[in-house]
Amino acid sequence: MYTILTRLLVFFCLSAVLAGAFFWCTPLIKLNEEMHRALLNAELELDMANETYSKLAEELAQIQVNPRKVEKYVREGFRYAKPNETVFIFETVRPSVTVPLKP
């Protein structure tokens with residue numbers, strides 16, 4: 001009889017220790033998962049920023065070498081024109097009020 005009680009006491013003590021370890025580690029595991037997700041998102045943003053940087057660096061190198069690229073950016077960005085040249089600007093206008101058509 002004494003050995004059965006001893007075994008039950010050891011079993012319940014081990015169960016309590018394991019349950020305590022489980023409840024103590026669960027928030028840490030969740031925090032680790034959140035931090036891992038944040039790290040993956042940061043790495044993805046870094047990769048996208050590196051791609052953007054490489055594209056912009058390539059465009060800058062082309063602008064420094066090719067004067068036609070500079071002219072293109074100036075014409076499109078600042079709407080400049082050469083002398084005796086007409087520039088047409090097309091803009092879409094959205095009506096603020098819609099008027100129903102009469103039948």
# chains A, B, ... in the order shown; residues from 1 in each chain; ligands from 1
>>> select_by_dssp(residues="segment 65-95 of chain A", states="helix (DSSP H, G or I)", output="list in words")
Val65, Pro67, Arg68, Lys69, Val70, Glu71, Lys72, Tyr73, Val74, Arg75, Glu76, Gly77 and Phe78 of chain A
>>> write_last_selection(atoms="C-alpha atoms", output="mmCIF file, in the first residue's frame")
data_model
loop_
_atom_site.group_PDB
_atom_site.id
_atom_site.type_symbol
_atom_site.label_atom_id
_atom_site.label_comp_id
_atom_site.auth_asym_id
_atom_site.auth_seq_id
_atom_site.Cartn_x
_atom_site.Cartn_y
_atom_site.Cartn_z
ATOM 1 C CA VAL A 65 25.384 58.583 -69.008
ATOM 2 C CA PRO A 67 21.272 62.807 -71.853
ATOM 3 C CA ARG A 68 18.077 61.619 -73.567
ATOM 4 C CA LYS A 69 16.980 60.003 -70.296
ATOM 5 C CA VAL A 70 17.434 63.343 -68.535
ATOM 6 C CA GLU A 71 15.351 65.035 -71.195
ATOM 7 C CA LYS A 72 12.639 62.396 -70.842
ATOM 8 C CA TYR A 73 12.410 62.818 -67.066
ATOM 9 C CA VAL A 74 12.362 66.616 -67.331
ATOM 10 C CA ARG A 75 9.658 66.575 -69.990
ATOM 11 C CA GLU A 76 7.446 64.097 -68.131
ATOM 12 C CA GLY A 77 8.035 65.292 -64.599
ATOM 13 C CA PHE A 78 8.127 69.062 -65.065
#
>>> atom_distance(atom1="atom CA of Glu34 of chain A", atom2="atom CA of Met48 of chain A")
21.2 Å
